[in-house]
Structure formats: C-alpha cells, structure tokens
Amino acid sequence: MENYDMTPISATGSIVGEDSLGLEVASQWKLMWWKFRKHKLAMVSGALVIFFYIVALFCEFFAPNVPTTYLDIYATAPPQPIRLFYNGRWMPHVLGLKFDRDPISLRKTWVTDEEDVVPIGLFVRGDPYRLWGLIPSDIHLFGSKEPDAPFYLLGADMIGRDVFSRVIYSSRISLTVGLVGMVIALTIGILLGGISGLVGGALDNIIQRVIEILMSIPTLPVWLALAAVVPIHWPALRVYFMISIILSLVSWTGMARVVRSKFLALREEDFVRAAILDGCSQVRLIMKHMLPSFMSHIIASVTLWIPGLILGETALSFLGLGLRPPVVSWGVMLQDSQKVAVIARYPWLLAPGAAVFLVVLALNFLGDGLRDAADPY
Amino acid sequence: MWKYLLRRSLYAIFTVWVISILAFAVIQLPPGDYVTDLVNQLRSQAGEVSPEWEARMRAMYGFDDPFIVQYWKWIRNIIFRGEFGYSFFYRRDAGVMIMERLPMSFALSFSSLMFVWAVALPIGFYSAVRRYSMVDYFASFIGFFGMSIPNFLLALMVLFFTYKYMGGAVIGLFSEEYANAPWSWGKFMDLMSNIWVPMIIIGISSTAGLIRTMRANLLDELNKPYVETARAKGLSEARLLIKYPLRHALNPFISTIGWMLPGLVSGETIVSMVLNLPTSGPVLFNALIRQDQYVAAGFILMLSTLTVIGTFISDVALAWVDPRIRLQ
C-alpha cells in the first residue's frame, strides 16, 4: 500500500533499465503524464471533457434540430426512445406520437403510435444552419429521415422545441462562460498574486487584506446584486461578457493566493538563487525559471475552478438574472422547470441539469487527477 | 494572544466596513431609483405626475444627495439607531424584515455547517486509516457527486420526488400550525424535524472538500516518524490514532469554517429561493429585482457580517488550539 505513490518512479526505473544507453531524462511533463495515466477515473473524465468541448464546438452538426424550430402541436411531447429493429430487420426508428385525452382528468396525454414509424439515420439532411455562423449546411450527425416527422430524443419543451438539440446548443454557451471568466480571473490572479509574492512588504499586505475581504463575502448575494444591474435591453453578447466578468470578479482571489504562495516558496529554492546570482533579469527569472515550475499547479487549479463558474452561470440564469432567451444555456433552459407542478408532469425538462452534473463531475475528477499529477516528484 | 485577538477584531471591523460600502454602492448602480419606478407606476395608472412632485419626493428620500451623504445617513442610522431604512416595495421597516428572516438564515447555515462536520469527520478519518478501501472509494464518490450537482437542482429534485411520490408534501421549515405561531418549545421541535432536508441539500456540496482535507491531513500525519515511534512502543492502534494524529489533523477543520461559510450562505440563499423557505434568500432576491435598495443593502450587509463573524471565531479558535498561529 505504501508503495503506491512510488510506482511512477519505479516505472521510470524500469525504462532506464531497458534503455541500452543507460540514461534517459524524462521531462517534468512526461513524469506528470505517467502519473496522470494511472488515475483511470481522471483519464476517462478527461476524454469526456474533451468530447463535451468538441460537441460544443460543432453543436450545429451534432444537434438533430436547430434550437429555435418549434412545432407547437408537439408541445411537451415526451422523449421518444430509439428502437433498433423493425419487424426483425435492422432499422433504427422511433415511434410517432399522437395524443389522447384522459377520460377522467380530461388532460392531454401522449401515446405512442405503433403504426407511425419514423426512420432515423446518420448524416441526414435537416434544418439548414450556418456552422459558427459562417459555413452554410444542412447535414446533421443523426436525425429523422422524414423532415416533417418530429424526433424528440429527450422530449419537447413547453412550445415544442427539441430539448436534446437545445441541450447541445447550450453547451457552447455554458461551457465557454466558464472559460472566459477563467481567463479574466487567471490574469488578475497571476498578476496580483505575483506582485504580492515577489514584492512583498506593504503592497503584499494590502493585496492580502483585499483578498481576505473579497473571500469573506458570500458569493451568491453579490453575484445576484451585480447581475441585477445588467440592463434588460443589452444585446445578448454584451450580457454574456458581463456575466463572465461578474463571475470572475470573485474567483480570482483563490488563484492569487496559490500564485503568491508558490512565488514565496520558490524564492527560497536553490535554482532561483542561482539564477539571481547569475545576474538574471527579473522578467527572465519569472518567465523562464519560476512560472514553468508551477504551471502544472495552475492548470490543475483552473480545472477545479471552471466547475464553480459553470455552476454560477447556471444558478444566475436559472433565477433569471444571468443570460436571457434567445440565448440558450443550461441555466436558461432550467428556467422552464422552476415550478414543481411543471417538472412533475414533464420531468425531461430537467435534462439540462443532468448535462451540468455530468460536465461538472467530469471536470472535478479531471482536476483531481491533474492535481495529484502536478507534483510528480 | 490578546494582541492577536485585537488585530483580528480590527481586521474584522475593517472588513465589515468595506463590505458596507460595497453593498451600498452595488445597490446604487442601476439607473433610476425608487421614485422613478413610483412615477412610472403612477403615470401608467392615474395619468399625470408633475415634475415638481417628483423632485419633492426625491428630495424627501434624499436621492439627490451625493453618494457619500447617502451612505453616511444609511450607515449612521444602522450603527446608532439600529434602523435599516424603509422597504419601498413592502412599505415596511426594512430592519424588521431583516430581523424576521436573518435568524432563520443563520440557523439553516449553522446547522448545515454542523451537518458537514458530522459527516466529513468520521468519513475523512476512516478514509485515511483504511486507504483505498471500499468505504474510501464510496465516500469520495458520494463527495464528488454532491460537489457536482448544483444545490438548486438538488432542491428541485427533492421537491419533485416529494410532490410526485409523497402526495404533494410541502417542504418548509415549519408545519402549517406553527408557521405563524409565536416561538415555543413545540415550534422549536417542529423546526428541528423539518430543517434536515434543506440542511442536507445545502451541506452536501461542501462535504466532499472537507472529507478530502481531513483525509489528506491525517495521511500526512500518519507518515510522520512520531507515529512510527508510538507504534514501536506498543501503543494500541486506536489510542495511537486518537491521541496525536487526529488532534493534529483537526486544525484545518476549524480553519475551513472561514472558506466554507460564504459557500454555505450562498447555498442557503438559492436553496431557500427554490424551496421558498422563510429565510433571507427569497426576500433578498425580490428586493434586488424591485430595486428595494435599503432591504437589499441591509441583507447583503448582514449576511456578509455573519460570515465575517464566523471567520473571526474560526480564526480565534484556531489560534487557541494551535500556538504556532498566535505566535506568528
């Protein structure tokens, strides 16, 4: 048991043994990769995260429909499971829907229509779209082969839009709001943390007090207050950037602390002393010697912080203070499910919540694995 | 110790002061004020409102004063008279509204903290002692699960299940007969029997972090030579663990209150909104939307102050437990 943490090194050892030259130098990144590879859950999560980002990048292609098309006769249609065989023959299809009235409650209920078979195919032609708003196309990864027959993998929302397509389109917004906010937080954090750790003295003291104050404020009330300030008539893109700035306002503090403590620790290291004695300039010292040695820690911290930003955006939008329709994000979609009576009847409206959960879970596992691997020695 | 205490309390007071400025400034950010709203409302209902009347109203509320003057009037009344101003929307004393709701917020956040501790301490301890056991894996999985699900979504799902499978039982802090009753032993017990659902929902997201901290700290301690020595001397395993490593690993438990409290208060705010609990969340949300500035500023100030006090207590407790900190 105790040897568990030592294995990567013995792995190196075995490679050294096999090598006829007798000596091989593994870079820090290589060591980290070896250690990371051992963390199976983190590997799977990493693949999942990459997959999610690819889907977000090409969401127009992956979604069977465009998020704005609606068929109001199919409002609140339930999910249609894909069936693979028809009369014993390989033919992926879904069954059509027709509605009926419950004889007692007189409420509209959906029943599957065994007669109405809607074939499903790969690379079908459907709603026209422009990839990234530029390249026109109408090919979708999969979808209904009959353009008029609906295909609701995860059901339809209150006005008959495809929930599955909207979840996929939302990923582009929800996954990047975190990234934009992170870049801002990272810049402020590294800058102030660096100054704090390197210069020290009164400036360090002031920055630390500011961080302490910001950290002791409960985030959500402040986010709510700031988000309530964003004017209703602003265009969607401006709101998007405003929300990511609001989210990053609070999260840079943690980053600044990490950077500061790293700089403080590194100042005492021999290789930094040697660089100073060699007459290295400040800029070169930071960029060439100090920053690379804790880059891995920063990457791990970033991975662990993006989930917080994603959750923040979802919470704000859910409450109606974040992004607003026509922008689709997971939080915006969840606005529909604020009332229990609604979810009780149409539970598939919670699908975006499942997407949030999966992404955040994957990012947490990935970040955890990266953090363990960040220090391979 | 006294010097440390003095320094810490000065920091805490300074922090609250800065927060009060921030809270008041943020509330003032949106264009227009309550009088603008009122005038729009009157115009849409009854027709004409003279500009003179509007100006008089504005002067009455002091909305034309520069920021510093408005801030000073606000904070002066809070400090010297305990008055938080007036709720324009509810036409009530903002202070009374805050006092109605804040204790419930405090009770909920505090019990969530207790829940997190009660769960994380034994599980973290066990995970460290029996590393890579089934319990260790299971605990960290549950922890990650709680960390990854947005707490408002968890609240929604709990609502969904109670609605669907328990015949529309309502989740609240009080049963119907106690909701508006004055405080009594019965009401307290009623609160205790109802509080656990929101408490778990709010607490679960912080549990994972604390389990990991506990586990990592205890593991660090377990690898130290003094543990080896104690074992070599023939101390029983239980006594060995509890006597020193556990006590050592407990320090971060106290210090984590500082960073957990803001998260718990945030969680309390949004979960209360979803479950519509009689705490500060729903009222704060309404106040922010309606530009009910004194209510919103008052709530933000008081919630933050609670957090700062919590952090202060954790700092002091930590210094009391760990001499290395107070001597620094």
# chains A, B, ... in the order shown; residues from 1 in each chain; ligands from 1
>>> select_by_dssp(residues="stretch 23-213 of chain A", states="alpha helix (DSSP H)", output="PyMOL selection string")
chain A and resi 28-37+40-57+59-62+163-199+201-213
>>> interface_residues(of="chain A", to="chain B", cutoff="8 Å", atoms="only C-alpha atoms", output="MDAnalysis selection string")
chainID A and resid 213 215:222 224:226 228:231 307 311 315 338 340:341 343:344 353 356:358 360:361 364:365
>>> residues_around(residues="A:Gly367", least_positions_apart="4", cutoff="8 Å", atoms="only C-alpha atoms", output="PyMOL selection string")
chain A and resi 42+300-304+363+371
>>> residues_around(residues="B:Leu250", least_positions_apart="3", cutoff="9 Å", atoms="only C-alpha atoms", output="ChimeraX atom specification")
/B:121,214,217-218,245-247,253-254
>>> write_last_selection(atoms="N, CA and C atoms", output="PDB file, in the first residue's frame")
ATOM      1  N   LEU B 121     -16.067  14.417   9.264  1.00  0.00           N
ATOM      2  CA  LEU B 121     -15.066  13.993  10.247  1.00  0.00           C
ATOM      3  C   LEU B 121     -14.898  12.476  10.287  1.00  0.00           C
ATOM      4  N   MET B 214      -9.590  16.459   5.358  1.00  0.00           N
ATOM      5  CA  MET B 214      -9.397  15.627   6.541  1.00  0.00           C
ATOM      6  C   MET B 214      -8.504  14.430   6.213  1.00  0.00           C
ATOM      7  N   ASN B 217      -4.827  15.479   5.429  1.00  0.00           N
ATOM      8  CA  ASN B 217      -4.091  15.901   6.613  1.00  0.00           C
ATOM      9  C   ASN B 217      -3.725  14.732   7.505  1.00  0.00           C
ATOM     10  N   LEU B 218      -4.683  13.842   7.684  1.00  0.00           N
ATOM     11  CA  LEU B 218      -4.435  12.696   8.545  1.00  0.00           C
ATOM     12  C   LEU B 218      -3.367  11.800   7.918  1.00  0.00           C
ATOM     13  N   PRO B 245      -2.278  12.090  16.054  1.00  0.00           N
ATOM     14  CA  PRO B 245      -2.536  12.484  14.657  1.00  0.00           C
ATOM     15  C   PRO B 245      -3.909  13.119  14.469  1.00  0.00           C
ATOM     16  N   LEU B 246      -4.912  12.563  15.133  1.00  0.00           N
ATOM     17  CA  LEU B 246      -6.257  13.088  14.942  1.00  0.00           C
ATOM     18  C   LEU B 246      -6.334  14.534  15.406  1.00  0.00           C
ATOM     19  N   ARG B 247      -5.759  14.791  16.572  1.00  0.00           N
ATOM     20  CA  ARG B 247      -5.810  16.159  17.092  1.00  0.00           C
ATOM     21  C   ARG B 247      -5.136  17.130  16.143  1.00  0.00           C
ATOM     22  N   PHE B 253      -9.886  21.626  10.200  1.00  0.00           N
ATOM     23  CA  PHE B 253     -11.335  21.578  10.353  1.00  0.00           C
ATOM     24  C   PHE B 253     -11.861  22.919  10.823  1.00  0.00           C
ATOM     25  N   ILE B 254     -11.143  23.483  11.771  1.00  0.00           N
ATOM     26  CA  ILE B 254     -11.576  24.778  12.296  1.00  0.00           C
ATOM     27  C   ILE B 254     -11.296  25.865  11.265  1.00  0.00           C
TER      28      ILE B 254
END
>>> atom_distance(atom1="atom CA of B:Ser112", atom2="atom CA of B:Met302")
18.6 Å
>>> atom_distance(atom1="atom CA of A:Arg324", atom2="atom CA of A:His233")
10.6 Å
>>> atom_distance(atom1="atom CA of B:Thr256", atom2="atom CA of B:Ala216")
13.8 Å
>>> residues_around(residues="stretch 94-99 of chain A", least_positions_apart="3", cutoff="8 Å", atoms="only C-alpha atoms", output="PyMOL selection string")
chain A and resi 77+80-83+108-120+149-151
>>> write_last_selection(atoms="C-alpha atoms", output="tab-separated table (two decimals), in the first residue's frame")
chain	number	residue	atom	x	y	z
A	77	ALA	CA	-44.10	15.69	-26.20
A	80	GLN	CA	-39.04	9.06	-27.96
A	81	PRO	CA	-36.67	6.16	-27.33
A	82	ILE	CA	-34.77	4.89	-30.35
A	83	ARG	CA	-35.66	1.33	-31.37
A	108	LYS	CA	-53.94	15.78	-22.80
A	109	THR	CA	-51.74	12.69	-22.70
A	110	TRP	CA	-49.36	11.38	-25.29
A	111	VAL	CA	-49.48	7.81	-26.55
A	112	THR	CA	-47.06	6.18	-28.93
A	113	ASP	CA	-48.48	5.34	-32.31
A	114	GLU	CA	-47.29	1.82	-33.16
A	115	GLU	CA	-48.27	2.32	-36.81
A	116	ASP	CA	-46.27	5.50	-37.31
A	117	VAL	CA	-42.64	4.54	-37.80
A	118	VAL	CA	-40.13	7.34	-38.19
A	119	PRO	CA	-36.80	6.04	-39.50
A	120	ILE	CA	-33.64	7.53	-38.01
A	149	ALA	CA	-41.87	13.78	-38.71
A	150	PRO	CA	-40.54	15.01	-35.37
A	151	PHE	CA	-37.78	13.30	-33.48
>>> select_by_dssp(residues="stretch 119-343 of chain A", states="strand (DSSP E or B)", output="PyMOL selection string")
chain A and resi 119-131+135-144+156+162
>>> residues_around(residues="A:Val272", least_positions_apart="4", cutoff="10 Å", atoms="only C-alpha atoms", output="tab-separated table (two decimals) with N, CA and C atoms, in the first residue's frame")
chain	number	residue	atom	x	y	z
A	266	LEU	N	9.14	29.48	-3.89
A	266	LEU	CA	10.19	29.36	-4.90
A	266	LEU	C	11.35	30.31	-4.64
A	267	ARG	N	11.04	31.45	-4.02
A	267	ARG	CA	12.09	32.43	-3.76
A	267	ARG	C	13.24	31.82	-2.98
A	268	GLU	N	12.91	30.81	-2.15
A	268	GLU	CA	13.93	30.19	-1.32
A	268	GLU	C	14.67	29.06	-2.03
A	276	ILE	N	19.47	34.19	-9.77
A	276	ILE	CA	19.68	35.58	-9.34
A	276	ILE	C	21.17	35.89	-9.32
A	277	LEU	N	21.95	34.95	-8.78
A	277	LEU	CA	23.39	35.18	-8.70
A	277	LEU	C	24.02	35.27	-10.08
A	278	ASP	N	23.42	34.57	-11.02
A	278	ASP	CA	23.92	34.62	-12.39
A	278	ASP	C	23.59	35.93	-13.08
A	280	CYS	N	20.42	37.11	-13.65
A	280	CYS	CA	19.22	37.00	-14.48
A	280	CYS	C	18.34	38.22	-14.25
A	285	LEU	N	13.74	35.82	-15.01
A	285	LEU	CA	13.66	34.95	-13.83
A	285	LEU	C	12.23	34.41	-13.66
A	286	ILE	N	11.27	35.33	-13.81
A	286	ILE	CA	9.88	34.91	-13.62
A	286	ILE	C	9.42	34.03	-14.77
A	289	HIS	N	12.19	30.76	-15.28
A	289	HIS	CA	12.54	29.83	-14.19
A	289	HIS	C	11.39	29.55	-13.23
A	290	MET	N	10.65	30.62	-12.85
A	290	MET	CA	9.65	30.39	-11.81
A	290	MET	C	8.31	29.91	-12.38
>>> residues_around(residues="A:Ala351", least_positions_apart="4", cutoff="12 Å", atoms="only C-alpha atoms", output="list in words")
Pro79, Leu153, Leu154, Gly155, Ala156, Asp157, Asp162, Val163, Phe164, Ser165, Arg166, Val167, Ile168, Ser170, Trp330, Gly331, Met333, Leu334, Asp336, Ser337, Ile343, Tyr346, Pro347, Ala355, Val356, Phe357 and Leu358 of chain A; Leu153 and Met157 of chain B
>>> closest_residue(among="B:Glu54, B:Val129, B:Arg81, B:Phe67", to="B:Ala238", atoms="only C-alpha atoms")
B:Val129
>>> closest_residue(among="B:Tyr126, B:Asn286, B:Ile200, B:Val116", to="B:Ile257", atoms="only C-alpha atoms")
B:Val116
